[in-house]
>>> print(open('entry21.txt').read())   # compact mmCIF, C-alpha atoms (C1' of nucleotides)
# COMPACT_ATOMS: atom_id res chain seq x y z
CA MET A 319 104.31 -20.64 114.07
CA PRO A 320 101.22 -21.12 116.22
CA GLY A 321 98.87 -20.22 113.39
CA PRO A 322 97.03 -17.10 112.35
CA GLU A 323 94.12 -17.20 114.79
CA GLY A 324 93.68 -14.09 116.97
CA ASN A 325 97.32 -13.49 117.73
CA GLU A 326 97.04 -9.99 119.16
CA ARG A 327 97.31 -11.50 122.63
CA SER A 328 100.24 -13.56 123.82
CA LEU A 329 99.94 -17.31 124.13
CA ALA A 330 100.29 -16.97 127.89
CA SER A 331 97.39 -14.55 128.04
CA ARG A 332 95.13 -16.63 125.84
CA LEU A 333 95.88 -19.87 127.64
CA ARG A 334 95.38 -18.23 131.00
CA LEU A 335 91.97 -16.81 130.11
CA ALA A 336 90.87 -20.13 128.62
CA VAL A 337 91.88 -22.04 131.74
CA VAL A 338 90.25 -19.54 134.10
CA ARG A 339 87.00 -19.64 132.19
CA LEU A 340 86.79 -23.40 131.76
CA ASN A 341 87.65 -23.86 135.45
CA ARG A 342 84.77 -21.58 136.33
CA ARG A 343 82.34 -23.55 134.20
CA LEU A 344 83.55 -26.87 135.56
CA ARG A 345 83.13 -25.76 139.15
CA ALA A 346 79.58 -24.65 138.37
CA GLN A 347 78.65 -28.16 137.12
CA ARG A 348 78.45 -29.96 140.43
CA THR A 349 74.78 -30.42 141.12
CA THR A 350 74.94 -34.14 141.82
CA ALA A 351 78.64 -34.65 142.36
CA SER A 352 79.56 -36.23 145.67
CA VAL A 353 83.00 -34.62 145.89
CA THR A 354 84.32 -31.24 144.84
CA LEU A 355 86.81 -30.78 142.04
CA THR A 356 89.64 -30.26 144.50
CA GLN A 357 88.73 -33.42 146.39
CA TYR A 358 88.47 -35.36 143.15
CA SER A 359 91.91 -34.18 142.14
CA ALA A 360 93.38 -35.50 145.40
CA LEU A 361 91.58 -38.83 145.00
CA SER A 362 92.97 -39.14 141.48
CA THR A 363 96.49 -38.64 142.73
CA LEU A 364 96.01 -41.28 145.42
CA LYS A 365 94.70 -43.65 142.77
CA LYS A 366 97.63 -42.96 140.49
CA CYS A 367 100.43 -42.89 143.05
CA GLY A 368 99.15 -45.08 145.89
CA PRO A 369 98.98 -44.41 149.64
CA MET A 370 101.09 -41.53 150.93
CA THR A 371 101.43 -39.04 153.79
CA PRO A 372 99.46 -35.76 153.88
CA GLY A 373 102.68 -33.87 153.20
CA GLU A 374 103.45 -35.91 150.11
CA LEU A 375 99.92 -35.46 148.84
CA ALA A 376 100.12 -31.69 149.37
CA ALA A 377 103.40 -31.62 147.44
CA LYS A 378 102.00 -33.64 144.54
CA GLU A 379 98.90 -31.47 144.35
CA VAL A 380 101.03 -28.34 144.72
CA VAL A 381 99.05 -26.89 147.62
CA GLN A 382 100.15 -25.91 151.12
CA PRO A 383 99.81 -28.47 153.94
CA PRO A 384 96.89 -26.71 155.68
CA SER A 385 94.90 -26.82 152.47
CA MET A 386 95.48 -30.55 152.15
CA THR A 387 94.52 -31.07 155.80
CA ARG A 388 91.06 -29.79 154.96
CA VAL A 389 90.72 -31.83 151.79
CA ILE A 390 91.72 -35.04 153.57
CA ALA A 391 89.39 -34.33 156.48
CA ALA A 392 86.43 -33.93 154.11
CA LEU A 393 87.31 -37.08 152.18
CA GLU A 394 87.77 -39.07 155.37
CA GLU A 395 84.45 -37.80 156.70
CA ALA A 396 82.79 -38.91 153.46
CA GLY A 397 84.45 -42.33 153.66
CA TYR A 398 86.55 -42.02 150.50
CA VAL A 399 89.94 -42.20 152.21
CA SER A 400 91.22 -43.71 155.44
CA ARG A 401 94.36 -43.12 157.46
CA ARG A 402 96.69 -45.48 159.21
CA PRO A 403 99.70 -44.72 161.40
CA HIS A 404 103.06 -44.23 159.78
CA PRO A 405 105.19 -47.28 160.58
CA THR A 406 108.25 -45.39 161.81
CA ASP A 407 107.24 -41.73 162.34
CA GLY A 408 104.58 -40.91 164.89
CA ARG A 409 104.01 -37.43 163.44
CA GLN A 410 102.92 -38.68 160.05
CA SER A 411 100.11 -40.88 158.82
CA ILE A 412 99.40 -42.76 155.62
CA VAL A 413 96.36 -41.74 153.61
CA GLU A 414 94.84 -44.29 151.26
CA LEU A 415 91.75 -44.74 149.12
CA THR A 416 88.94 -46.80 150.59
CA GLU A 417 86.97 -49.13 148.38
CA ALA A 418 84.30 -46.43 148.07
CA GLY A 419 86.96 -43.92 147.08
CA LEU A 420 88.38 -46.22 144.43
CA THR A 421 84.92 -46.90 143.09
CA LEU A 422 84.27 -43.18 142.86
CA VAL A 423 87.47 -42.47 140.94
CA LEU A 424 86.90 -45.40 138.59
CA ALA A 425 83.27 -44.56 137.96
CA ASP A 426 84.27 -41.08 136.94
CA ILE A 427 80.75 -40.00 136.07
CA SER A 428 79.02 -36.92 137.40
CA ALA A 429 77.03 -33.96 136.26
CA ARG A 430 80.32 -32.21 135.72
CA GLU A 431 81.63 -35.00 133.57
CA ALA A 432 78.38 -35.12 131.61
CA TRP A 433 78.57 -31.42 130.82
CA LEU A 434 82.16 -31.66 129.66
CA ASP A 435 81.53 -34.89 127.76
CA LYS A 436 78.74 -33.17 125.87
CA ARG A 437 80.98 -30.26 124.96
CA LEU A 438 83.74 -32.64 123.87
CA ALA A 439 81.31 -34.66 121.78
CA GLU A 440 80.56 -31.54 119.76
CA LEU A 441 84.18 -31.24 118.69
CA SER A 442 85.96 -32.91 115.79
CA ASP A 443 88.36 -35.81 116.29
CA ALA A 444 91.24 -33.49 115.52
CA GLU A 445 90.11 -31.01 118.16
CA ARG A 446 89.77 -33.76 120.74
CA GLY A 447 93.25 -34.94 119.85
CA THR A 448 94.59 -31.43 120.36
CA LEU A 449 92.94 -31.24 123.78
CA ALA A 450 94.31 -34.62 124.79
CA GLU A 451 97.83 -33.49 123.96
CA ALA A 452 97.24 -30.13 125.62
CA ALA A 453 95.97 -31.79 128.81
CA GLU A 454 99.20 -33.73 129.05
CA ILE A 455 101.33 -30.64 128.47
CA ILE A 456 99.31 -28.53 130.89
CA ASP A 457 99.44 -31.10 133.64
CA ARG A 458 103.20 -31.33 133.18
CA MET A 459 103.50 -27.54 133.35
CA ALA A 460 101.40 -27.44 136.50
CA GLY A 461 104.00 -29.63 138.18
CA HIS A 462 102.28 -32.94 137.74
CA THR A 463 105.11 -34.88 136.17
CA ASP A 464 104.63 -38.06 138.15
CA MET B 1249 93.63 -41.20 117.63
CA PRO B 1250 94.71 -39.05 120.57
CA GLY B 1251 97.98 -40.93 120.95
CA PRO B 1252 99.19 -43.58 123.33
CA GLU B 1253 99.87 -41.43 126.41
CA GLY B 1254 98.09 -42.55 129.63
CA ASN B 1255 94.72 -43.30 128.12
CA GLU B 1256 93.23 -45.19 131.05
CA ARG B 1257 91.30 -42.04 131.99
CA SER B 1258 88.77 -40.39 129.77
CA LEU B 1259 89.64 -37.24 127.89
CA ALA B 1260 87.09 -35.35 129.99
CA SER B 1261 88.75 -36.48 133.18
CA ARG B 1262 92.26 -35.68 132.04
CA LEU B 1263 91.34 -32.27 130.68
CA ARG B 1264 89.41 -31.43 133.82
CA LEU B 1265 92.29 -32.31 136.14
CA ALA B 1266 94.75 -30.39 133.98
CA VAL B 1267 92.59 -27.28 134.00
CA VAL B 1268 91.93 -27.45 137.74
CA ARG B 1269 95.62 -27.78 138.51
CA LEU B 1270 96.85 -25.09 136.15
CA ASN B 1271 94.17 -22.72 137.42
CA ARG B 1272 95.41 -23.33 140.94
CA ARG B 1273 98.98 -22.55 139.97
CA LEU B 1274 97.98 -19.43 138.07
CA ARG B 1275 95.99 -18.05 140.98
CA ALA B 1276 98.99 -18.60 143.23
CA GLN B 1277 101.19 -16.39 140.99
CA ARG B 1278 99.84 -13.03 141.90
CA THR B 1279 102.41 -11.42 144.13
CA THR B 1280 102.73 -8.20 142.19
CA ALA B 1281 99.61 -8.31 140.05
CA SER B 1282 97.33 -5.32 140.45
CA VAL B 1283 94.15 -7.20 139.54
CA THR B 1284 92.97 -10.75 140.18
CA LEU B 1285 92.53 -13.30 137.41
CA THR B 1286 88.78 -12.86 137.51
CA GLN B 1287 89.08 -9.11 137.23
CA TYR B 1288 91.57 -9.43 134.41
CA SER B 1289 89.18 -11.67 132.54
CA ALA B 1290 86.44 -9.05 132.77
CA LEU B 1291 88.81 -6.30 131.63
CA SER B 1292 89.79 -8.45 128.64
CA THR B 1293 86.19 -8.84 127.62
CA LEU B 1294 85.59 -5.09 127.89
CA LYS B 1295 88.66 -4.52 125.75
CA LYS B 1296 87.50 -7.03 123.16
CA CYS B 1297 83.80 -6.17 123.05
CA GLY B 1298 83.64 -2.52 124.12
CA PRO B 1299 81.48 -0.78 126.75
CA MET B 1300 78.44 -2.72 127.97
CA THR B 1301 76.01 -3.05 130.86
CA PRO B 1302 76.80 -5.13 133.97
CA GLY B 1303 74.26 -7.71 132.87
CA GLU B 1304 75.84 -8.09 129.44
CA LEU B 1305 79.27 -8.44 130.99
CA ALA B 1306 78.00 -11.11 133.40
CA ALA B 1307 76.49 -13.01 130.47
CA LYS B 1308 79.70 -12.84 128.44
CA GLU B 1309 81.80 -13.99 131.37
CA VAL B 1310 79.23 -16.68 132.19
CA VAL B 1311 78.80 -15.65 135.83
CA GLN B 1312 75.72 -14.59 137.76
CA PRO B 1313 74.94 -10.86 138.07
CA PRO B 1314 75.85 -10.59 141.77
CA SER B 1315 79.31 -11.97 141.01
CA MET B 1316 79.83 -9.36 138.33
CA THR B 1317 78.62 -6.62 140.65
CA ARG B 1318 81.56 -7.36 142.92
CA VAL B 1319 84.08 -7.57 140.11
CA ILE B 1320 82.95 -4.24 138.65
CA ALA B 1321 82.97 -2.58 142.08
CA ALA B 1322 86.57 -3.66 142.66
CA LEU B 1323 87.67 -2.53 139.20
CA GLU B 1324 85.91 0.81 139.59
CA GLU B 1325 87.49 1.33 143.01
CA ALA B 1326 90.90 0.64 141.45
CA GLY B 1327 90.20 3.06 138.60
CA TYR B 1328 90.30 0.52 135.77
CA VAL B 1329 86.68 0.94 134.71
CA SER B 1330 84.13 3.74 134.93
CA ARG B 1331 80.38 3.81 134.65
CA ARG B 1332 78.02 6.16 132.93
CA PRO B 1333 74.23 6.22 132.90
CA HIS B 1334 72.37 4.18 130.35
CA PRO B 1335 70.89 6.59 127.77
CA THR B 1336 67.34 5.21 127.88
CA ASP B 1337 67.05 2.88 130.92
CA GLY B 1338 67.57 4.30 134.38
CA ARG B 1339 68.10 0.85 135.91
CA GLN B 1340 71.15 0.06 133.85
CA SER B 1341 74.56 1.63 133.43
CA ILE B 1342 77.34 1.35 130.90
CA VAL B 1343 80.70 0.04 132.09
CA GLU B 1344 83.79 0.96 130.13
CA LEU B 1345 87.55 0.71 130.40
CA THR B 1346 89.38 3.77 131.66
CA GLU B 1347 92.72 4.72 130.17
CA ALA B 1348 94.41 3.00 133.11
CA GLY B 1349 92.35 -0.12 132.49
CA LEU B 1350 93.24 -0.19 128.82
CA THR B 1351 96.90 0.30 129.65
CA LEU B 1352 96.74 -2.60 132.08
CA VAL B 1353 95.16 -4.96 129.56
CA LEU B 1354 97.60 -3.94 126.85
CA ALA B 1355 100.66 -4.17 129.08
CA ASP B 1356 99.70 -7.69 130.00
CA ILE B 1357 102.71 -8.27 132.20
CA SER B 1358 102.63 -9.54 135.74
CA ALA B 1359 104.22 -12.07 138.02
CA ARG B 1360 101.58 -14.48 136.85
CA GLU B 1361 102.42 -13.89 133.25
CA ALA B 1362 106.13 -14.24 133.98
CA TRP B 1363 105.63 -17.61 135.62
CA LEU B 1364 103.55 -18.92 132.76
CA ASP B 1365 105.85 -17.41 130.15
CA LYS B 1366 108.76 -19.24 131.73
CA ARG B 1367 106.89 -22.54 131.66
CA LEU B 1368 105.87 -21.95 128.05
CA ALA B 1369 109.45 -21.10 127.09
CA GLU B 1370 110.52 -24.54 128.27
CA LEU B 1371 108.23 -26.21 125.74
CA SER B 1372 108.89 -27.05 122.11
CA ASP B 1373 107.39 -25.05 119.26
CA ALA B 1374 105.03 -27.94 118.55
CA GLU B 1375 103.84 -28.04 122.15
CA ARG B 1376 103.22 -24.30 122.15
CA GLY B 1377 101.29 -24.70 118.93
CA THR B 1378 99.15 -27.40 120.52
CA LEU B 1379 98.42 -25.15 123.50
CA ALA B 1380 97.51 -22.24 121.23
CA GLU B 1381 94.97 -24.39 119.42
CA ALA B 1382 93.73 -25.85 122.71
CA ALA B 1383 93.25 -22.39 124.22
CA GLU B 1384 91.01 -21.46 121.31
CA ILE B 1385 88.99 -24.68 121.60
CA ILE B 1386 88.70 -24.41 125.38
CA ASP B 1387 87.56 -20.82 125.29
CA ARG B 1388 84.94 -21.75 122.73
CA MET B 1389 83.77 -24.65 124.90
CA ALA B 1390 83.56 -22.39 127.91
CA GLY B 1391 81.04 -20.29 126.06
CA HIS B 1392 83.35 -17.57 124.85
CA THR B 1393 82.43 -17.59 121.23
CA ASP B 1394 82.23 -13.86 120.81
C1' DT C 523 116.12 -27.55 167.17
C1' DA C 524 113.84 -29.23 162.92
C1' DT C 525 109.95 -31.36 160.82
C1' DT C 526 105.05 -32.81 160.23
C1' DG C 527 100.73 -31.78 160.67
C1' DT C 528 96.73 -29.14 162.53
C1' DT C 529 94.13 -25.10 164.13
C1' DA C 530 92.94 -20.30 163.62
C1' DT C 531 92.05 -16.80 160.61
C1' DA C 532 91.36 -14.34 156.36
C1' DC C 533 90.69 -13.40 151.44
C1' DT C 534 89.03 -14.59 146.63
C1' DC C 535 85.50 -16.41 143.83
C1' DT C 536 81.13 -17.72 143.16
C1' DA C 537 76.37 -18.87 144.08
C1' DT C 538 71.29 -18.27 145.67
C1' DA C 539 67.81 -15.53 147.89
C1' DA C 540 65.92 -11.28 149.08
C1' DC C 541 65.53 -6.54 148.14
C1' DT C 542 65.40 -1.85 145.49
C1' DA C 543 64.60 0.92 141.71
C1' DT C 544 62.98 1.55 137.33
C1' DA C 545 60.23 0.06 133.20
C1' DT D 1258 54.23 -7.17 137.10
C1' DA D 1259 58.79 -7.79 134.98
C1' DT D 1260 63.57 -6.62 134.66
C1' DA D 1261 68.37 -4.86 136.06
C1' DG D 1262 71.13 -4.50 139.53
C1' DT D 1263 72.65 -4.65 144.41
C1' DT D 1264 72.93 -6.34 149.16
C1' DA D 1265 73.10 -10.20 152.33
C1' DT D 1266 74.71 -14.48 153.18
C1' DA D 1267 77.09 -18.83 152.53
C1' DG D 1268 80.28 -22.35 150.86
C1' DA D 1269 84.56 -23.84 148.22
C1' DG D 1270 89.32 -23.16 147.77
C1' DT D 1271 93.37 -21.49 149.20
C1' DA D 1272 96.92 -19.02 151.91
C1' DT D 1273 99.88 -17.44 156.06
C1' DA D 1274 100.83 -17.55 160.92
C1' DA D 1275 100.77 -19.80 165.19
C1' DC D 1276 100.72 -24.03 167.61
C1' DA D 1277 101.38 -29.11 169.01
C1' DA D 1278 103.56 -33.36 168.73
C1' DT D 1279 107.28 -36.04 167.48
C1' DA D 1280 112.05 -36.74 165.69
>>> encode(input="entry21.txt", output="structure tokens")
Amino acid sequence: MPGPEGNERSLASRLRLAVVRLNRRLRAQRTTASVTLTQYSALSTLKKCGPMTPGELAAKEVVQPPSMTRVIAALEEAGYVSRRPHPTDGRQSIVELTEAGLTLVLADISAREAWLDKRLAELSDAERGTLAEAAEIIDRMAGHTD
Amino acid sequence: MPGPEGNERSLASRLRLAVVRLNRRLRAQRTTASVTLTQYSALSTLKKCGPMTPGELAAKEVVQPPSMTRVIAALEEAGYVSRRPHPTDGRQSIVELTEAGLTLVLADISAREAWLDKRLAELSDAERGTLAEAAEIIDRMAGHTD
DNA sequence: TATTGTTATACTCTATAACTATA
DNA sequence: TATAGTTATAGAGTATAACAATA
């Protein structure tokens, strides 16, 4: 039993609307951020999983290869990732975080973060715990099991 | 205590990545859907709160007026909303769901929904309960307190 | 011939700035 | 002059299709 709160709509519908709306707000909070949300997501995966090819990164992020091409190009331009040749396959390359990229991911502070941190600070411990569990479940659902 | 799972990253960071990634997956699941996620969100608000002006709808959805102009135009074109003159102010108009729009919101079935329903069906009851609570918290955080 | 990646192109979502119409 | 809304324009995010290079 999920509880008695506003159950006219299905769980799928409610979760979907919540995610769409929070995503919208998060993307709006990027006044001083040096990378976009999409770029940050790719950097996070590189931090978590280590250097990999563009194709592998596209697969982990669940986007098509052309989309990842653009993300990597922007990050390389900004100096947050670098590429080196694949040791055995001339078609591929290995993308890895630079020191600046690692610093950025570790620092993890931005206008975006500040906005969300403030919202989270207004919640109770129990609510934050629920969100922490939900984040894990959602990321797993979105195909991020690694 | 949020639990021992992967706590190197802050809650804000984990929640943000989860939302960005699920949003991406949801937007990809729209093969047979007749409206976009953004349009569906606006329809849901009209269903929940009743007829209102474009400005009110923009405020409730937390987007700028020009963004809502486009959403309303698309929904009107598709026959899911209609407009009537504001009774006292010639600048404004009242946007309301048509019968087709109401049917669409109530039906609430789409390829998107099917994909998410399938993912949700793979979870445990406890996990679904967590997501239900999280959806409520997230929507509140995103400014959807009405 | 199959695979990896890129380029070309297009659509959605959203914003800011400038404009129009009405108050 | 202030407000509500629209039009014009631009950038982020993503996709599919076509192409190039390598296996």
>>> calpha_fit_rmsd(input="entry21.txt", fixed="chain A", moving="chain B")
0.2 Å
>>> axis_aligned_box(input="entry21.txt", around="stretch 1280-1293 of chain B", padding_each_side="6 Å", output="lines of an AutoDock Vina configuration file")
center_x = 94.5
center_y = -9.3
center_z = 134.9
size_x = 28.5
size_y = 20.0
size_z = 26.6
>>> interface_residues(input="entry21.txt", of="chain C", to="chain B", cutoff="7 Å", atoms="all atoms listed in the file", output="PyMOL selection string")
chain C and resi 536+543-544
>>> atom_distance(input="entry21.txt", atom1="atom CA of B:Lys1308", atom2="atom CA of B:Arg1273")
24.5 Å
>>> closest_residue(input="entry21.txt", among="B:Leu1263, B:Ile1320, B:Leu1352, B:Val1329", to="A:Thr448", atoms="all atoms listed in the file")
B:Leu1263
>>> interface_residues(input="entry21.txt", of="chain B", to="chain A", cutoff="8 Å", atoms="all atoms listed in the file", output="PyMOL selection string")
chain B and resi 1249-1251+1259-1271+1273-1274+1285-1286+1289+1309-1310+1356+1361+1364-1365+1367-1368+1373+1375-1387+1389-1390
>>> write_last_selection(input="entry21.txt", atoms="C-alpha atoms", output="mmCIF file, in the coordinates of the input")
data_model
loop_
_atom_site.group_PDB
_atom_site.id
_atom_site.type_symbol
_atom_site.label_atom_id
_atom_site.label_comp_id
_atom_site.auth_asym_id
_atom_site.auth_seq_id
_atom_site.Cartn_x
_atom_site.Cartn_y
_atom_site.Cartn_z
ATOM 1 C CA MET B 1249 93.630 -41.200 117.630
ATOM 2 C CA PRO B 1250 94.710 -39.050 120.570
ATOM 3 C CA GLY B 1251 97.980 -40.930 120.950
ATOM 4 C CA LEU B 1259 89.640 -37.240 127.890
ATOM 5 C CA ALA B 1260 87.090 -35.350 129.990
ATOM 6 C CA SER B 1261 88.750 -36.480 133.180
ATOM 7 C CA ARG B 1262 92.260 -35.680 132.040
ATOM 8 C CA LEU B 1263 91.340 -32.270 130.680
ATOM 9 C CA ARG B 1264 89.410 -31.430 133.820
ATOM 10 C CA LEU B 1265 92.290 -32.310 136.140
ATOM 11 C CA ALA B 1266 94.750 -30.390 133.980
ATOM 12 C CA VAL B 1267 92.590 -27.280 134.000
ATOM 13 C CA VAL B 1268 91.930 -27.450 137.740
ATOM 14 C CA ARG B 1269 95.620 -27.780 138.510
ATOM 15 C CA LEU B 1270 96.850 -25.090 136.150
ATOM 16 C CA ASN B 1271 94.170 -22.720 137.420
ATOM 17 C CA ARG B 1273 98.980 -22.550 139.970
ATOM 18 C CA LEU B 1274 97.980 -19.430 138.070
ATOM 19 C CA LEU B 1285 92.530 -13.300 137.410
ATOM 20 C CA THR B 1286 88.780 -12.860 137.510
ATOM 21 C CA SER B 1289 89.180 -11.670 132.540
ATOM 22 C CA GLU B 1309 81.800 -13.990 131.370
ATOM 23 C CA VAL B 1310 79.230 -16.680 132.190
ATOM 24 C CA ASP B 1356 99.700 -7.690 130.000
ATOM 25 C CA GLU B 1361 102.420 -13.890 133.250
ATOM 26 C CA LEU B 1364 103.550 -18.920 132.760
ATOM 27 C CA ASP B 1365 105.850 -17.410 130.150
ATOM 28 C CA ARG B 1367 106.890 -22.540 131.660
ATOM 29 C CA LEU B 1368 105.870 -21.950 128.050
ATOM 30 C CA ASP B 1373 107.390 -25.050 119.260
ATOM 31 C CA GLU B 1375 103.840 -28.040 122.150
ATOM 32 C CA ARG B 1376 103.220 -24.300 122.150
ATOM 33 C CA GLY B 1377 101.290 -24.700 118.930
ATOM 34 C CA THR B 1378 99.150 -27.400 120.520
ATOM 35 C CA LEU B 1379 98.420 -25.150 123.500
ATOM 36 C CA ALA B 1380 97.510 -22.240 121.230
ATOM 37 C CA GLU B 1381 94.970 -24.390 119.420
ATOM 38 C CA ALA B 1382 93.730 -25.850 122.710
ATOM 39 C CA ALA B 1383 93.250 -22.390 124.220
ATOM 40 C CA GLU B 1384 91.010 -21.460 121.310
ATOM 41 C CA ILE B 1385 88.990 -24.680 121.600
ATOM 42 C CA ILE B 1386 88.700 -24.410 125.380
ATOM 43 C CA ASP B 1387 87.560 -20.820 125.290
ATOM 44 C CA MET B 1389 83.770 -24.650 124.900
ATOM 45 C CA ALA B 1390 83.560 -22.390 127.910
#
>>> atom_distance(input="entry21.txt", atom1="atom CA of A:Glu374", atom2="atom CA of A:Val353")
20.9 Å
>>> interface_residues(input="entry21.txt", of="chain D", to="chain B", cutoff="8 Å", atoms="all atoms listed in the file", output="list of chain:residue names")
D:DA1261, D:DG1262, D:DT1263
>>> residues_near_point(input="entry21.txt", point="(88.6, -48.6, 147.7)", cutoff="12 Å", atoms="all atoms listed in the file", output="PyMOL selection string")
chain A and resi 361+364-365+368-369+397-400+413-425
>>> atom_distance(input="entry21.txt", atom1="atom C1' of C:DC535", atom2="atom C1' of D:DG1268")
10.6 Å
